[in-house]
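Q: To be precise about what I am sending: the file is called upload.cif and holds mmCIF, C-alpha atoms and all ligand atoms.
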```
data_data
loop_
_atom_site.label_atom_id
_atom_site.label_comp_id
_atom_site.auth_asym_id
_atom_site.auth_seq_id
_atom_site.Cartn_x
_atom_site.Cartn_y
_atom_site.Cartn_z
CA MET I 1143 111.27 94.01 95.77
CA ALA I 1144 112.23 96.56 98.48
CA GLU I 1145 112.04 95.20 102.00
CA GLU I 1146 109.16 96.57 104.05
CA LYS I 1147 110.36 98.62 107.03
CA ILE I 1148 108.09 98.41 110.03
CA ILE I 1149 110.14 100.65 112.33
CA LYS I 1150 112.26 103.72 111.64
CA SER I 1151 114.13 103.87 114.95
CA ASN I 1152 113.88 102.49 118.49
CA GLU I 1153 113.49 106.07 119.75
CA ARG I 1154 110.42 106.63 117.60
CA VAL I 1155 108.91 103.34 118.73
CA LYS I 1156 109.43 104.32 122.37
CA ALA I 1157 108.24 107.91 121.96
CA HIS I 1158 105.27 107.43 119.64
CA GLY I 1159 104.57 103.71 119.39
CA GLU I 1160 105.54 104.00 115.73
CA VAL I 1161 105.40 100.50 114.27
CA PHE I 1162 103.99 100.22 110.76
CA THR I 1163 101.68 97.39 109.76
CA PRO I 1164 103.06 95.19 106.96
CA LYS I 1165 100.99 95.02 103.79
CA ASN I 1166 100.07 91.35 104.15
CA ILE I 1167 98.75 91.95 107.68
CA VAL I 1168 96.79 95.01 106.48
CA ASN I 1169 95.17 92.87 103.80
CA GLN I 1170 94.43 90.03 106.17
CA MET I 1171 92.80 92.46 108.59
CA LEU I 1172 90.75 94.20 105.91
CA ASN I 1173 89.65 90.82 104.55
CA THR I 1174 88.47 89.47 107.86
CA PHE I 1175 87.04 92.51 109.62
CA ALA I 1176 83.35 93.21 109.99
CA ILE I 1177 84.01 96.29 107.85
CA GLN I 1178 83.93 94.11 104.71
CA PRO I 1179 80.48 95.37 103.63
CA GLU I 1180 81.61 98.99 104.09
CA LEU I 1181 84.65 98.35 101.91
CA GLN I 1182 82.27 97.58 99.06
CA LYS I 1183 80.77 101.08 99.19
CA LEU I 1184 82.31 103.98 97.34
CA SER I 1185 81.32 106.62 99.87
CA ALA I 1186 81.51 104.70 103.18
CA THR I 1187 83.61 106.88 105.46
CA PHE I 1188 86.78 105.70 107.22
CA LEU I 1189 88.85 107.62 109.75
CA GLU I 1190 92.21 106.33 110.93
CA PRO I 1191 93.28 108.31 114.01
CA ALA I 1192 96.94 107.10 114.08
CA ALA I 1193 97.44 106.80 110.36
CA GLY I 1194 101.23 106.59 110.12
CA GLU I 1195 102.24 106.59 106.45
CA GLY I 1196 98.87 105.24 105.37
CA ALA I 1197 99.26 101.45 105.47
CA PHE I 1198 95.50 100.98 105.94
CA LEU I 1199 94.16 104.07 104.20
CA THR I 1200 96.11 103.44 100.98
CA GLU I 1201 94.83 99.87 100.80
CA ILE I 1202 91.26 101.00 101.47
CA LEU I 1203 91.66 103.63 98.74
CA LEU I 1204 92.93 100.97 96.31
CA ARG I 1205 89.87 98.86 97.00
CA LYS I 1206 87.54 101.83 96.56
CA LEU I 1207 89.21 102.76 93.27
CA LYS I 1208 88.51 99.23 92.06
CA ILE I 1209 84.85 99.84 92.87
CA ALA I 1210 85.01 103.20 91.07
CA SER I 1211 86.41 101.40 88.04
CA ARG I 1212 83.73 98.70 88.19
CA VAL I 1213 80.80 101.13 88.38
CA SER I 1214 82.11 103.55 85.74
CA ASN I 1215 81.78 103.13 82.00
CA THR I 1216 83.34 106.40 80.88
CA ILE I 1217 86.52 108.15 81.98
CA GLU I 1218 84.43 111.08 83.26
CA ALA I 1219 82.42 108.70 85.44
CA PHE I 1220 85.64 107.18 86.80
CA GLU I 1221 87.03 110.66 87.49
CA GLN I 1222 83.93 111.59 89.46
CA ASN I 1223 83.66 108.29 91.33
CA SER I 1224 87.34 108.25 92.23
CA LEU I 1225 87.09 111.77 93.68
CA ILE I 1226 84.04 110.69 95.68
CA ALA I 1227 86.06 107.75 97.01
CA LEU I 1228 88.85 110.10 98.06
CA THR I 1229 86.47 112.40 99.94
CA SER I 1230 85.44 109.48 102.16
CA LEU I 1231 88.88 108.71 103.64
CA TYR I 1232 90.30 110.60 106.63
CA GLY I 1233 93.53 110.28 108.58
CA ILE I 1234 95.17 111.92 111.58
CA GLU I 1235 98.89 111.51 112.19
CA LEU I 1236 100.95 113.07 114.97
CA LEU I 1237 104.35 113.27 113.29
CA VAL I 1238 104.92 115.83 110.55
CA ASP I 1239 107.18 113.64 108.40
CA ASN I 1240 104.70 110.76 108.52
CA THR I 1241 101.83 113.10 107.62
CA GLU I 1242 103.73 114.31 104.56
CA LEU I 1243 104.30 110.71 103.47
CA LEU I 1244 100.67 109.88 104.20
CA VAL I 1245 99.56 112.63 101.79
CA ILE I 1246 102.09 111.54 99.17
CA HIS I 1247 101.14 107.85 99.42
CA MET I 1248 97.40 108.54 99.13
CA TYR I 1249 97.96 110.80 96.15
CA GLN I 1250 100.25 108.24 94.49
CA VAL I 1251 97.66 105.48 94.81
CA PHE I 1252 95.03 107.76 93.29
CA TYR I 1253 97.29 108.96 90.47
CA GLN I 1254 98.60 105.55 89.47
CA GLU I 1255 95.09 104.19 89.13
CA TYR I 1256 94.00 107.34 87.27
CA LEU I 1257 96.85 106.87 84.77
CA ARG I 1258 95.82 103.23 84.32
CA GLN I 1259 92.24 104.26 83.59
CA LEU I 1260 93.38 106.98 81.16
CA SER I 1261 95.24 104.36 79.16
CA ILE I 1262 92.22 102.02 79.18
CA TYR I 1263 89.96 104.79 77.85
CA ASN I 1264 92.73 106.31 75.73
CA ALA I 1265 91.83 109.67 77.25
CA PRO I 1266 93.89 112.76 78.13
CA GLU I 1267 94.59 113.69 81.74
CA ASN I 1268 92.21 116.25 83.18
CA LYS I 1269 94.35 118.63 85.27
CA LYS I 1270 91.29 119.75 87.24
CA VAL I 1271 90.73 116.19 88.43
CA VAL I 1272 94.34 115.81 89.52
CA LYS I 1273 94.38 119.15 91.32
CA SER I 1274 91.06 118.40 93.01
CA ALA I 1275 92.35 115.00 94.14
CA LEU I 1276 95.33 116.65 95.78
CA THR I 1277 93.12 119.24 97.46
CA ILE I 1278 90.93 116.50 98.93
CA VAL I 1279 93.88 114.43 100.14
CA LYS I 1280 95.52 117.45 101.79
CA ALA I 1281 92.25 118.41 103.49
CA ASN I 1282 91.49 114.89 104.73
CA MET I 1283 94.96 113.74 105.87
CA VAL I 1284 95.76 116.02 108.77
CA GLN I 1285 98.67 116.46 111.11
CA GLY I 1286 97.65 116.47 114.75
CA ASN I 1287 97.13 114.69 118.01
CA ALA I 1288 93.99 112.59 117.83
CA LEU I 1289 93.72 112.62 121.63
CA THR I 1290 93.86 116.39 122.16
CA GLY I 1291 92.34 117.46 118.83
CA LYS I 1292 95.21 119.96 118.32
CA ASN I 1293 97.87 120.22 115.64
CA LYS I 1294 101.55 121.07 116.06
CA ASN I 1295 100.75 124.81 116.23
CA GLY I 1296 98.23 124.29 119.02
CA ASN I 1297 95.31 124.96 116.65
CA ASP I 1298 92.24 122.76 116.41
CA ILE I 1299 92.36 119.88 113.94
CA VAL I 1300 89.92 120.72 111.15
CA PHE I 1301 88.19 118.20 108.90
CA SER I 1302 86.12 118.76 105.80
CA GLU I 1303 82.80 117.12 105.13
CA TRP I 1304 82.04 116.72 101.43
CA SER I 1305 78.30 116.61 100.77
CA LEU I 1306 77.15 115.57 97.33
CA LEU I 1307 74.29 117.75 96.08
CA PRO I 1308 71.54 116.46 93.79
CA VAL I 1309 72.82 116.01 90.22
CA LYS I 1310 71.53 118.81 87.97
CA ARG I 1311 71.85 118.72 84.18
CA GLY I 1312 74.28 115.86 84.55
CA ILE I 1313 76.62 117.82 86.82
CA GLN I 1314 77.52 116.45 90.24
CA LYS I 1315 78.20 119.27 92.67
CA VAL I 1316 79.74 118.98 96.09
CA GLN I 1317 79.67 121.27 99.09
CA ARG I 1318 82.60 121.27 101.45
CA THR I 1319 82.10 122.27 105.08
CA GLU I 1320 84.84 122.44 107.68
CA TYR I 1321 84.43 121.30 111.27
CA THR I 1322 86.91 121.06 114.10
CA LEU I 1323 87.49 117.52 115.35
CA ASP I 1324 86.35 118.74 118.73
CA ALA I 1325 83.05 120.08 117.34
CA ILE I 1326 82.42 116.82 115.48
CA LYS I 1327 82.99 114.78 118.65
CA THR I 1328 80.78 117.07 120.73
CA ASN I 1329 78.02 118.11 118.37
CA GLY I 1330 77.97 116.07 115.21
CA PRO I 1331 77.45 117.90 111.93
CA SER I 1332 75.23 120.90 111.43
CA VAL I 1333 72.23 119.72 109.46
CA ASP I 1334 71.08 122.29 106.93
CA GLY I 1335 68.94 120.32 104.55
CA GLN I 1336 71.80 119.23 102.31
CA PRO I 1337 72.07 115.50 101.70
CA GLN I 1338 74.84 114.06 103.89
CA VAL I 1339 76.67 111.59 101.72
CA HIS I 1340 78.83 110.01 104.37
CA GLY I 1341 75.87 109.30 106.53
CA SER I 1342 73.64 107.15 108.58
CA GLU I 1343 74.39 103.46 108.56
CA GLU I 1344 78.02 103.83 107.57
CA LEU I 1345 81.14 103.88 109.76
CA THR I 1346 81.35 107.60 109.72
CA LEU I 1347 83.00 110.47 111.44
CA PHE I 1348 80.01 112.70 110.73
CA ASP I 1349 77.38 110.48 112.15
CA LEU I 1350 77.33 110.96 115.89
CA ASP I 1351 73.98 110.46 117.54
CA GLU I 1352 74.06 113.37 119.96
CA GLU I 1353 71.68 116.30 119.63
CA PRO I 1354 73.35 118.97 117.44
CA VAL I 1355 73.99 122.29 119.18
CA GLU I 1356 75.22 125.45 117.56
CA ILE I 1357 78.56 125.12 115.78
CA LYS I 1358 80.12 127.47 113.29
CA PRO I 1359 81.33 125.42 110.35
CA ARG I 1360 83.19 127.17 107.53
CA LYS I 1361 81.38 126.60 104.28
CA PHE I 1362 82.68 126.55 100.74
CA GLU I 1363 80.71 127.33 97.58
CA PRO I 1364 78.93 124.33 96.04
CA VAL I 1365 81.05 123.41 93.01
CA PRO I 1366 81.27 120.60 90.44
CA LEU I 1367 83.56 117.83 91.75
CA PHE I 1368 86.28 118.79 89.27
CA ASP I 1369 86.38 122.35 90.66
CA ILE I 1370 87.09 121.37 94.26
CA PHE I 1371 90.66 122.63 93.82
CA ARG I 1372 89.40 126.21 93.53
CA GLU I 1373 88.54 126.17 97.28
CA LYS I 1374 86.07 129.04 97.02
CA HIS I 1375 84.66 130.05 100.39
CA VAL I 1376 81.08 131.20 100.78
CA SER I 1377 81.42 134.94 101.41
CA GLU I 1378 79.99 135.92 104.80
C1 LIG F 1 101.59 101.79 115.56
S1 LIG F 1 101.83 103.13 114.38
C2 LIG F 1 100.61 102.65 113.20
C3 LIG F 1 100.66 103.42 111.92
C4 LIG F 1 99.68 102.92 110.86
N1 LIG F 1 98.32 102.92 111.36
C5 LIG F 1 100.04 101.51 110.43
O1 LIG F 1 99.29 100.59 110.78
O2 LIG F 1 101.05 101.33 109.76
C6 LIG F 1 101.06 104.44 115.26
C7 LIG F 1 101.13 105.81 114.58
O3 LIG F 1 100.34 106.72 115.35
C8 LIG F 1 101.02 107.94 115.49
N2 LIG F 1 100.53 108.53 116.76
C9 LIG F 1 100.94 108.26 118.01
N3 LIG F 1 100.20 108.97 118.89
C10 LIG F 1 99.30 109.67 118.17
C11 LIG F 1 98.28 110.60 118.51
N4 LIG F 1 98.02 110.94 119.79
N5 LIG F 1 97.54 111.15 117.51
C12 LIG F 1 97.78 110.83 116.21
N6 LIG F 1 98.74 109.96 115.83
C13 LIG F 1 99.49 109.39 116.80
C14 LIG F 1 102.48 107.58 115.48
O4 LIG F 1 103.29 108.67 115.06
C15 LIG F 1 102.51 106.41 114.50
O5 LIG F 1 102.75 106.86 113.19
#
```
As structure tokens, please, write out the structure in this file.

A:
Amino acid sequence: MAEEKIIKSNERVKAHGEVFTPKNIVNQMLNTFAIQPELQKLSATFLEPAAGEGAFLTEILLRKLKIASRVSNTIEAFEQNSLIALTSLYGIELLVDNTELLVIHMYQVFYQEYLRQLSIYNAPENKKVVKSALTIVKANMVQGNALTGKNKNGNDIVFSEWSLLPVKRGIQKVQRTEYTLDAIKTNGPSVDGQPQVHGSEELTLFDLDEEPVEIKPRKFEPVPLFDIFREKHVSE
């Protein structure tokens, strides 16, 4: 088995405090933390503000995919539940190379489990599911400075909230809304009558108690989960 590297260079440790958490420590921490009950919920939201290459987020995703597998009895149900799990995980990482690996690692964990489920159900791969998974991971794993709320170009860090709409005729739709990290910290989400999936009692980024004031989130069209990859904006 390849040896786990916890540092890349002394310079990076000094400049960015870059020391990665070994897998066994990640597991010990996730097993003992008070977040245990949240780890049992498919849509409980987690944000890691110094995510590195995803040591924690990939393990949390693995655990959520196990839940998705447990609660699904068709491949379509697993596809939907695994996408819902993905929408609930957020990361911020300062360094560009780490952010790229963070995206790759999250996607790999998703895809490996998807392939395993396809073989269990003897089902063909649904390209829309795979493309939507990648869209979610790229939207939720962002490059930036968690302290300043800015990315490498000096622009605001933007996160997407994924609200599940009521199921109609068996189709689960989702509405994506973008917020800047700064707006989320200051105002919380804009509440517009849509059910907020990553809400209330959970450890959530979109759950701040302060009184909402006017913010201008960018909205996307409500679409079935498998059509997330189309990224259709609501026309203004
Ligand atoms: C101690 S490492 C931990 C990485 C990962 N959480 C883990 O446990 O393996 C800290 C990470 O935070 C990143 N980082 C440092 N300052 C940051 C900041 N202001 N905003 C976002 N990420 C930051 C570093 O590049 C590094 O990858």

Q: Counting all atoms listed in the file, which protein, DNA or RNA residues come within 10 Å of ligand LIG 1 (chain F), given as a short mmCIF file (atom, residue, chain, number, x, y, z; two decimals) with C-alpha atoms, in the frame of the given file?

A:
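Result written to out.cif:
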```cif
data_model
loop_
_atom_site.label_atom_id
_atom_site.label_comp_id
_atom_site.auth_asym_id
_atom_site.auth_seq_id
_atom_site.Cartn_x
_atom_site.Cartn_y
_atom_site.Cartn_z
CA ILE I 1148 108.09 98.41 110.03
CA ILE I 1149 110.14 100.65 112.33
CA ARG I 1154 110.42 106.63 117.60
CA VAL I 1155 108.91 103.34 118.73
CA ALA I 1157 108.24 107.91 121.96
CA HIS I 1158 105.27 107.43 119.64
CA GLY I 1159 104.57 103.71 119.39
CA GLU I 1160 105.54 104.00 115.73
CA VAL I 1161 105.40 100.50 114.27
CA PHE I 1162 103.99 100.22 110.76
CA THR I 1163 101.68 97.39 109.76
CA PRO I 1164 103.06 95.19 106.96
CA LYS I 1165 100.99 95.02 103.79
CA ILE I 1167 98.75 91.95 107.68
CA VAL I 1168 96.79 95.01 106.48
CA GLU I 1190 92.21 106.33 110.93
CA PRO I 1191 93.28 108.31 114.01
CA ALA I 1192 96.94 107.10 114.08
CA ALA I 1193 97.44 106.80 110.36
CA GLY I 1194 101.23 106.59 110.12
CA GLU I 1195 102.24 106.59 106.45
CA GLY I 1196 98.87 105.24 105.37
CA ALA I 1197 99.26 101.45 105.47
CA PHE I 1198 95.50 100.98 105.94
CA LEU I 1199 94.16 104.07 104.20
CA GLY I 1233 93.53 110.28 108.58
CA ILE I 1234 95.17 111.92 111.58
CA GLU I 1235 98.89 111.51 112.19
CA LEU I 1236 100.95 113.07 114.97
CA LEU I 1237 104.35 113.27 113.29
CA VAL I 1238 104.92 115.83 110.55
CA ASP I 1239 107.18 113.64 108.40
CA ASN I 1240 104.70 110.76 108.52
CA THR I 1241 101.83 113.10 107.62
CA LEU I 1244 100.67 109.88 104.20
CA VAL I 1284 95.76 116.02 108.77
CA GLN I 1285 98.67 116.46 111.11
CA GLY I 1286 97.65 116.47 114.75
CA ASN I 1287 97.13 114.69 118.01
CA ALA I 1288 93.99 112.59 117.83
CA LEU I 1289 93.72 112.62 121.63
CA THR I 1290 93.86 116.39 122.16
CA GLY I 1291 92.34 117.46 118.83
CA LYS I 1292 95.21 119.96 118.32
CA ASN I 1293 97.87 120.22 115.64
#
```

Q: Name the residues in contact with Thr1277 in chain I at a cut-off of 12 Å, using all atoms listed in the file, excluding same-chain residues fewer than 4 positions from it; report them as a list in words.

A: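 Here the answer would be Leu1225, Leu1228, Thr1229, Val1245, Ile1246, Met1248, Tyr1249, Lys1270, Val1271, Val1272, Lys1273, Ala1281, Asn1282, Met1283, Ser1302, Arg1318, Leu1367, Phe1368, Asp1369, Ile1370, Phe1371, Arg1372 and Glu1373 of chain I.
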
Q: Using all atoms listed in the file, pick whichever of I:Val1365, I:Leu1203, I:Leu1231, I:Ile1278 has the shortest atom-to-atom distance to Val1309 in chain I.

A: I:Val1365

Q: Would you compute the distance between CA of Lys1315 in chain I and CA of Pro1179 in chain I? Give it in Å to one decimal.

A: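 CA of Lys1315 in chain I sits 26.4 Å away from CA of Pro1179 in chain I.
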
Q: If you count all atoms listed in the file, which residues fall within 8 Å of Ala1210 in chain I, apart from same-chain ones fewer than 4 positions away, as a PyMOL selection string?

A: chain I and resi 1184+1206+1214+1220+1223-1224+1227

Q: What is the CA of Lys1150 in chain I-CA of His1247 in chain I distance in Å, reported with one decimal?

A: 17.0 Å

Q: To box range 1365-1376 of chain I, take all atoms listed in the file, fit an axis-aligned box, add 6 Å on each side, and give centre and edge lengths in Å to one decimal, as JSON.

A:
```
{"center_x": 85.9, "center_y": 124.5, "center_z": 95.0, "size_x": 21.6, "size_y": 25.4, "size_z": 23.5}
```

Q: Counting only C-alpha atoms, which of I:Gln1317, I:Arg1205, I:Gln1254, I:Tyr1232 gets nearest to Lys1280 in chain I?

A: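 Selected residue with least distance to Lys1280 in chain I: I:Tyr1232.
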
Q: Could you check which of I:Phe1252, I:Leu1276, I:Ile1313, I:Asn1215 is closest to Glu1201 in chain I, using all atoms listed in the file?

A: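 Going through I:Phe1252, I:Leu1276, I:Ile1313, I:Asn1215 one by one, the smallest distance to Glu1201 in chain I is for I:Phe1252.
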
Q: Enter the distance from CA of Tyr1321 in chain I to CA of Gln1222 in chain I, in Å, rounded to one decimal.

A: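 Going from CA of Tyr1321 in chain I over to CA of Gln1222 in chain I covers 23.9 Å.
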
Q: Nearest residue to Glu1267 in chain I out of I:Glu1320, I:Glu1242, I:Glu1145, I:Glu1221, using all atoms listed in the file?

A: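 Nearest candidate to Glu1267 in chain I out of I:Glu1320, I:Glu1242, I:Glu1145, I:Glu1221: I:Glu1221.
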
Q: Could you tell me which of I:Ser1151, I:Asn1166, I:Thr1322, I:Ser1185 comes closest to Leu1306 in chain I if we count only C-alpha atoms?

A: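 Nearest candidate to Leu1306 in chain I out of I:Ser1151, I:Asn1166, I:Thr1322, I:Ser1185: I:Ser1185.
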
Q: Rank nothing, just name the residue among I:Gln1182, I:Asn1329, I:Thr1319, I:Asn1173 nearest to Pro1359 in chain I, using all atoms listed in the file.

A: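 That would be I:Thr1319, the residue with the smallest distance to Pro1359 in chain I.
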
Q: Missing atoms in range 1222-1242 of chain I: fill them in up to N, CA, C and O atoms and send the result as a tab-separated table (two decimals), keeping the file's coordinate frame.

A:
```tsv
chain	number	residue	atom	x	y	z
I	1222	GLN	N	84.85	111.16	88.39
I	1222	GLN	CA	83.93	111.59	89.46
I	1222	GLN	C	83.92	110.59	90.61
I	1222	GLN	O	84.04	110.96	91.77
I	1223	ASN	N	83.77	109.31	90.27
I	1223	ASN	CA	83.66	108.29	91.33
I	1223	ASN	C	84.95	108.17	92.13
I	1223	ASN	O	84.91	107.93	93.35
I	1224	SER	N	86.08	108.36	91.48
I	1224	SER	CA	87.34	108.25	92.23
I	1224	SER	C	87.51	109.44	93.17
I	1224	SER	O	88.03	109.29	94.28
I	1225	LEU	N	87.03	110.62	92.76
I	1225	LEU	CA	87.09	111.77	93.68
I	1225	LEU	C	86.14	111.56	94.86
I	1225	LEU	O	86.48	111.88	96.00
I	1226	ILE	N	84.98	110.98	94.59
I	1226	ILE	CA	84.04	110.69	95.68
I	1226	ILE	C	84.68	109.71	96.67
I	1226	ILE	O	84.60	109.89	97.89
I	1227	ALA	N	85.37	108.71	96.13
I	1227	ALA	CA	86.06	107.75	97.01
I	1227	ALA	C	87.08	108.47	97.89
I	1227	ALA	O	87.16	108.24	99.10
I	1228	LEU	N	87.83	109.37	97.28
I	1228	LEU	CA	88.85	110.10	98.06
I	1228	LEU	C	88.25	110.92	99.18
I	1228	LEU	O	88.81	111.03	100.26
I	1229	THR	N	87.08	111.54	98.91
I	1229	THR	CA	86.47	112.40	99.94
I	1229	THR	C	86.06	111.59	101.18
I	1229	THR	O	85.81	112.17	102.22
I	1230	SER	N	85.97	110.28	101.05
I	1230	SER	CA	85.44	109.48	102.16
I	1230	SER	C	86.53	108.98	103.11
I	1230	SER	O	86.21	108.33	104.10
I	1231	LEU	N	87.80	109.26	102.82
I	1231	LEU	CA	88.88	108.71	103.64
I	1231	LEU	C	89.60	109.81	104.42
I	1231	LEU	O	90.05	110.80	103.83
I	1232	TYR	N	89.71	109.60	105.74
I	1232	TYR	CA	90.30	110.60	106.63
I	1232	TYR	C	91.41	109.97	107.46
I	1232	TYR	O	91.29	108.82	107.89
I	1233	GLY	N	92.45	110.76	107.71
I	1233	GLY	CA	93.53	110.28	108.58
I	1233	GLY	C	94.03	111.39	109.48
I	1233	GLY	O	94.01	112.57	109.11
I	1234	ILE	N	94.47	110.99	110.68
I	1234	ILE	CA	95.17	111.92	111.58
I	1234	ILE	C	96.50	111.27	111.91
I	1234	ILE	O	96.55	110.07	112.22
I	1235	GLU	N	97.56	112.03	111.84
I	1235	GLU	CA	98.89	111.51	112.19
I	1235	GLU	C	99.64	112.59	112.97
I	1235	GLU	O	99.66	113.75	112.59
I	1236	LEU	N	100.26	112.15	114.07
I	1236	LEU	CA	100.95	113.07	114.97
I	1236	LEU	C	102.22	113.66	114.36
I	1236	LEU	O	102.46	114.87	114.46
I	1237	LEU	N	103.02	112.82	113.73
I	1237	LEU	CA	104.35	113.27	113.29
I	1237	LEU	C	104.29	113.90	111.90
I	1237	LEU	O	103.65	113.35	110.98
I	1238	VAL	N	104.99	115.05	111.79
I	1238	VAL	CA	104.92	115.83	110.55
I	1238	VAL	C	105.46	115.03	109.36
I	1238	VAL	O	104.84	115.01	108.29
I	1239	ASP	N	106.60	114.36	109.55
I	1239	ASP	CA	107.18	113.64	108.40
I	1239	ASP	C	106.26	112.50	107.95
I	1239	ASP	O	106.08	112.26	106.75
I	1240	ASN	N	105.65	111.83	108.90
I	1240	ASN	CA	104.70	110.76	108.52
I	1240	ASN	C	103.49	111.34	107.79
I	1240	ASN	O	102.99	110.73	106.83
I	1241	THR	N	103.02	112.49	108.25
I	1241	THR	CA	101.83	113.10	107.62
I	1241	THR	C	102.14	113.45	106.17
I	1241	THR	O	101.31	113.24	105.27
I	1242	GLU	N	103.35	113.97	105.95
I	1242	GLU	CA	103.73	114.31	104.56
I	1242	GLU	C	103.73	113.04	103.70
I	1242	GLU	O	103.22	113.05	102.57
```
